[in-house]
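Below: the structure, in structure tokens.
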Amino acid sequence: MTAAARTPAGRPVVGLDLGGTKIAAALLGADGTVLARHSRPTPAREGAAAVLDALAAAATEVDPEHIAAALGVAAAGVIDPRTGMVTSATDSIGGWAGTPLGTGLANRTGYPVACDNDVRATAGPELAALRAEGEGHGSLLFAAIGTGVGGAVAVDGRMLHGTAGIAGHLGHVPSPEAAGLPCTCGAGGHLEVIASGPGIAAHYARLTGAPVDRLETVAARAARGDAHAVTAITTGAAAAGRVLGGLANALGPDRVVVGGGVPRIGPLYENALRDAFAAELMPPLRGLVPRAPAFGHDAAVLGAAALTTTLPLHRPGALR
């Protein structure tokens, strides 16, 4: 790893967003304009080397002339941006834990590479907007609730990374509603197993004895008045709201943002989360309301590209 360096002013930057199913790539101009886009499936079952190869190929698609000054990658898993390593990961990408993401990608592409967890990168534009608006001290609590529960925490304008890049993993905060349920991390009773999309679907199955294929099925049944579906959704939402409210008391954020696919199922979830969140707040924070993300589908690649200006750059040659 090199010391933190900065890309030359005025040069484009490549941004990559790596998920368990898809890789999104973009070439961004110095003003943030998207100059080219590309996406391809993630070879998640083919091993870490295949994933790094696919990331490199996606970068080449958006920057065939190699005009970019650097590459930023937002990746699934626990990412330590200082070492460039994937320090922990679920099995959504096979063999991903222990991958030298920064140097491995730098060696394949020839770019200096900055890397971080995908949720922290996605939260980056939210933090930048908060600072630009001059609202408070630039402290942000960001949650992404989907297949899992991820998050990011920024205090006084600085994104927190923590030991091994673990900071912000909100899904692994204990939740009373999840007591006794095993978590994907190997522990039990964590928020993710009751508040994520699969967690809500699993809770509905426990209530009814009938497995369901996905969260949207539970939401459709709730809309038709299925009391068990309503309970599963509001239990998961309230659990998330309580955890976020408690974290807000501990961190004092200027803004709380809740994104991901689960909140998009509608008002039943949103209202239960907001009510539970509000009930936890200490007096100085009353009036703080979770809001939806301000940035759309480009947030992750925009945030990935911005990593090249704030994080250490890993350069080619370190693993040769």
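The way I read the labels, and the way they are meant: chains A, B, ... in the order of the structure tokens, residue 1 as the first residue of every chain, and ligand 1 as the first ligand shown, with later ones counted on from there.
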Taking the backbone alone, and naming residues the way the document does, which bits of stretch 194-258 of chain A are alpha helix (DSSP H) by DSSP, as a ChimeraX atom specification?
/A:194-195,197-208,215-223,227-251
Contacts of A:Val218 at 12 Å (only C-alpha atoms; same-chain gap of 3+ positions) as a VMD selection string
chain A and resid 197 to 205 207 to 208 210 to 215 221 to 234 262 265 268 to 269
Just how far from atom CA of A:Gly151 is atom CA of A:Asp275, in Å to one decimal?
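Interatomic distance, atom CA of A:Asp275 to atom CA of A:Gly151: 20.0 Å.
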Contacts of A:Ala195 at 8 Å or less, counting only C-alpha atoms, minus same-chain residues fewer than 2 places along, as a list of chain:residue names?
A:Ile145, A:Val149, A:Leu191, A:Glu192, A:Val193, A:Gly197, A:Gly199, A:Ile200, A:Thr235, A:Gly236, A:Ala237, A:Ala239, A:Ala240
Nearest candidate to A:Ser39 (options A:Thr163, A:Cys115, A:Val301, A:Leu307; using only C-alpha atoms)
A:Val301
Write out as a Markdown table a residue-level contact list of stretch 182-260 of chain A versus stretch 280-290 of chain A with cut-off 10 Å: for each qualifying residue the closest pair of atoms and the distance in Å to one decimal, counting only C-alpha atoms, rows sorted by chain and residue number upward.
| residue | atom | partner | partner_atom | distance |
| --- | --- | --- | --- | --- |
| A:Gly241 | CA | A:Glu280 | CA | 8.4 |
| A:Arg242 | CA | A:Glu280 | CA | 6.3 |
| A:Val243 | CA | A:Glu280 | CA | 8.7 |
| A:Leu244 | CA | A:Glu280 | CA | 8.7 |
| A:Gly245 | CA | A:Glu280 | CA | 5.1 |
| A:Gly246 | CA | A:Glu280 | CA | 6.2 |
| A:Leu247 | CA | A:Leu281 | CA | 9.4 |
| A:Ala248 | CA | A:Leu281 | CA | 7.3 |
| A:Asn249 | CA | A:Leu281 | CA | 6.3 |
| A:Ala250 | CA | A:Met282 | CA | 9.8 |
| A:Gly252 | CA | A:Leu285 | CA | 7.5 |
| A:Pro253 | CA | A:Leu285 | CA | 8.6 |
| A:Asp254 | CA | A:Leu288 | CA | 7.9 |
| A:Arg255 | CA | A:Leu288 | CA | 7.2 |
| A:Val256 | CA | A:Pro290 | CA | 4.9 |
| A:Val257 | CA | A:Pro290 | CA | 5.4 |
| A:Val258 | CA | A:Pro290 | CA | 6.3 |
| A:Gly259 | CA | A:Pro290 | CA | 9.7 |
Restricting the calculation to only C-alpha atoms, which member of A:His314, A:Pro12, A:Ala70, A:Gly303 is positioned closest to A:Pro100?
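Smallest distance to A:Pro100 is found for A:His314.
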Backbone-only DSSP, strand (DSSP E or B) members of stretch 67-296 of chain A, as a ChimeraX atom specification
/A:70-75,78-80,85-88,100,113-117,140-145,149-155,158-159,174,182,188,190,255-259,291
From the set A:Gly162, A:Pro267, A:Ala44, A:Leu141, which residue has the shortest atom-to-atom contact distance to A:Ala123, counting only C-alpha atoms?
A:Leu141
Which residue out of A:Gly32, A:Gly296, A:Gly165, A:Gly72 has the minimum interatomic distance to A:Val86 when only C-alpha atoms are used?
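Closest to A:Val86, using only C-alpha atoms: A:Gly165.
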Closest of A:Thr310, A:Thr60, A:Thr87, A:Thr42 to A:Gly124 - atom-to-atom distances counting only C-alpha atoms:
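Once distances to A:Gly124 are computed over only C-alpha atoms, the minimum belongs to A:Thr310.
Between atom CA of A:Ala238 and atom CA of A:Ala272 lies a distance of 5.4 Å.
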In Å to one decimal, how far is atom CA of A:Ala89 from atom CA of A:Leu52?
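Separation between atom CA of A:Leu52 and atom CA of A:Ala89: 15.2 Å.
Candidate residues A:Ala106, A:Leu27, A:Ala50, A:Ala75 were compared for distance to A:Ser88, and the nearest is A:Ala75, using only C-alpha atoms.
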Leaving out A:Asp298 and any residue of its chain fewer than 5 positions from it, which residues lie within 12 Å of it when counting only C-alpha atoms, given as an mmCIF file with N, CA, C and O atoms, in the first residue's frame?
data_model
loop_
_atom_site.group_PDB
_atom_site.id
_atom_site.type_symbol
_atom_site.label_atom_id
_atom_site.label_comp_id
_atom_site.auth_asym_id
_atom_site.auth_seq_id
_atom_site.Cartn_x
_atom_site.Cartn_y
_atom_site.Cartn_z
ATOM 1 N N GLY A 15 -15.033 4.384 -11.974
ATOM 2 C CA GLY A 15 -15.719 3.909 -10.781
ATOM 3 C C GLY A 15 -16.318 2.542 -11.040
ATOM 4 O O GLY A 15 -16.966 2.331 -12.070
ATOM 5 N N LEU A 16 -16.098 1.595 -10.128
ATOM 6 C CA LEU A 16 -16.644 0.240 -10.232
ATOM 7 C C LEU A 16 -17.468 -0.078 -8.997
ATOM 8 O O LEU A 16 -17.062 0.239 -7.876
ATOM 9 N N ASP A 17 -18.598 -0.727 -9.209
ATOM 10 C CA ASP A 17 -19.451 -1.175 -8.110
ATOM 11 C C ASP A 17 -19.615 -2.677 -8.241
ATOM 12 O O ASP A 17 -20.192 -3.176 -9.216
ATOM 13 N N ALA A 24 -21.092 -2.957 -12.004
ATOM 14 C CA ALA A 24 -21.394 -1.737 -12.757
ATOM 15 C C ALA A 24 -20.115 -0.909 -12.857
ATOM 16 O O ALA A 24 -19.362 -0.802 -11.891
ATOM 17 N N ALA A 25 -19.884 -0.343 -14.027
ATOM 18 C CA ALA A 25 -18.686 0.463 -14.264
ATOM 19 C C ALA A 25 -19.080 1.773 -14.924
ATOM 20 O O ALA A 25 -20.046 1.826 -15.698
ATOM 21 N N ALA A 26 -18.318 2.815 -14.627
ATOM 22 C CA ALA A 26 -18.538 4.104 -15.273
ATOM 23 C C ALA A 26 -17.215 4.847 -15.366
ATOM 24 O O ALA A 26 -16.346 4.703 -14.493
ATOM 25 N N LEU A 27 -17.073 5.601 -16.429
ATOM 26 C CA LEU A 27 -15.973 6.559 -16.564
ATOM 27 C C LEU A 27 -16.549 7.921 -16.269
ATOM 28 O O LEU A 27 -17.518 8.345 -16.914
ATOM 29 N N LEU A 28 -15.975 8.599 -15.275
ATOM 30 C CA LEU A 28 -16.507 9.887 -14.848
ATOM 31 C C LEU A 28 -15.503 10.987 -15.123
ATOM 32 O O LEU A 28 -14.310 10.856 -14.822
ATOM 33 N N GLY A 32 -17.708 15.097 -12.630
ATOM 34 C CA GLY A 32 -18.672 14.100 -12.194
ATOM 35 C C GLY A 32 -19.597 13.596 -13.282
ATOM 36 O O GLY A 32 -20.429 12.718 -13.028
ATOM 37 N N THR A 33 -19.476 14.117 -14.501
ATOM 38 C CA THR A 33 -20.308 13.666 -15.604
ATOM 39 C C THR A 33 -19.945 12.231 -15.983
ATOM 40 O O THR A 33 -18.766 11.878 -16.087
ATOM 41 N N VAL A 34 -20.960 11.394 -16.182
ATOM 42 C CA VAL A 34 -20.728 10.020 -16.606
ATOM 43 C C VAL A 34 -20.465 10.019 -18.108
ATOM 44 O O VAL A 34 -21.321 10.376 -18.909
ATOM 45 N N ARG A 37 -20.637 3.947 -19.640
ATOM 46 C CA ARG A 37 -21.169 2.990 -18.679
ATOM 47 C C ARG A 37 -21.001 1.572 -19.227
ATOM 48 O O ARG A 37 -20.977 1.352 -20.432
ATOM 49 N N HIS A 38 -20.973 0.637 -18.301
ATOM 50 C CA HIS A 38 -20.923 -0.775 -18.686
ATOM 51 C C HIS A 38 -21.380 -1.597 -17.492
ATOM 52 O O HIS A 38 -21.160 -1.205 -16.336
ATOM 53 N N ALA A 74 -16.017 0.060 -5.291
ATOM 54 C CA ALA A 74 -16.900 -0.161 -4.150
ATOM 55 C C ALA A 74 -17.296 -1.623 -4.189
ATOM 56 O O ALA A 74 -17.901 -2.075 -5.164
ATOM 57 N N ALA A 121 -19.084 3.529 0.271
ATOM 58 C CA ALA A 121 -18.911 4.296 -0.960
ATOM 59 C C ALA A 121 -20.222 4.938 -1.391
ATOM 60 O O ALA A 121 -20.252 6.103 -1.810
ATOM 61 N N THR A 122 -21.317 4.206 -1.286
ATOM 62 C CA THR A 122 -22.629 4.746 -1.649
ATOM 63 C C THR A 122 -23.018 5.903 -0.743
ATOM 64 O O THR A 122 -23.679 6.860 -1.177
ATOM 65 N N ALA A 123 -22.605 5.837 0.515
ATOM 66 C CA ALA A 123 -22.897 6.927 1.453
ATOM 67 C C ALA A 123 -22.040 8.155 1.196
ATOM 68 O O ALA A 123 -22.378 9.254 1.659
ATOM 69 N N GLY A 124 -20.943 7.999 0.465
ATOM 70 C CA GLY A 124 -20.036 9.123 0.226
ATOM 71 C C GLY A 124 -20.700 10.337 -0.381
ATOM 72 O O GLY A 124 -20.512 11.470 0.116
ATOM 73 N N PRO A 125 -21.473 10.191 -1.471
ATOM 74 C CA PRO A 125 -22.155 11.365 -2.023
ATOM 75 C C PRO A 125 -23.137 12.008 -1.050
ATOM 76 O O PRO A 125 -23.318 13.231 -1.071
ATOM 77 N N PRO A 293 -32.460 8.032 0.346
ATOM 78 C CA PRO A 293 -31.241 8.532 -0.299
ATOM 79 C C PRO A 293 -31.543 9.603 -1.342
ATOM 80 O O PRO A 293 -32.562 9.559 -2.021
ATOM 81 N N GLY A 303 -19.677 7.288 -5.824
ATOM 82 C CA GLY A 303 -18.937 7.172 -4.573
ATOM 83 C C GLY A 303 -17.626 6.428 -4.751
ATOM 84 O O GLY A 303 -16.614 6.790 -4.146
ATOM 85 N N ALA A 304 -17.636 5.399 -5.615
ATOM 86 C CA ALA A 304 -16.403 4.651 -5.876
ATOM 87 C C ALA A 304 -15.349 5.543 -6.497
ATOM 88 O O ALA A 304 -14.174 5.527 -6.104
ATOM 89 N N ALA A 305 -15.746 6.330 -7.482
ATOM 90 C CA ALA A 305 -14.792 7.237 -8.127
ATOM 91 C C ALA A 305 -14.238 8.248 -7.138
ATOM 92 O O ALA A 305 -13.040 8.573 -7.153
#
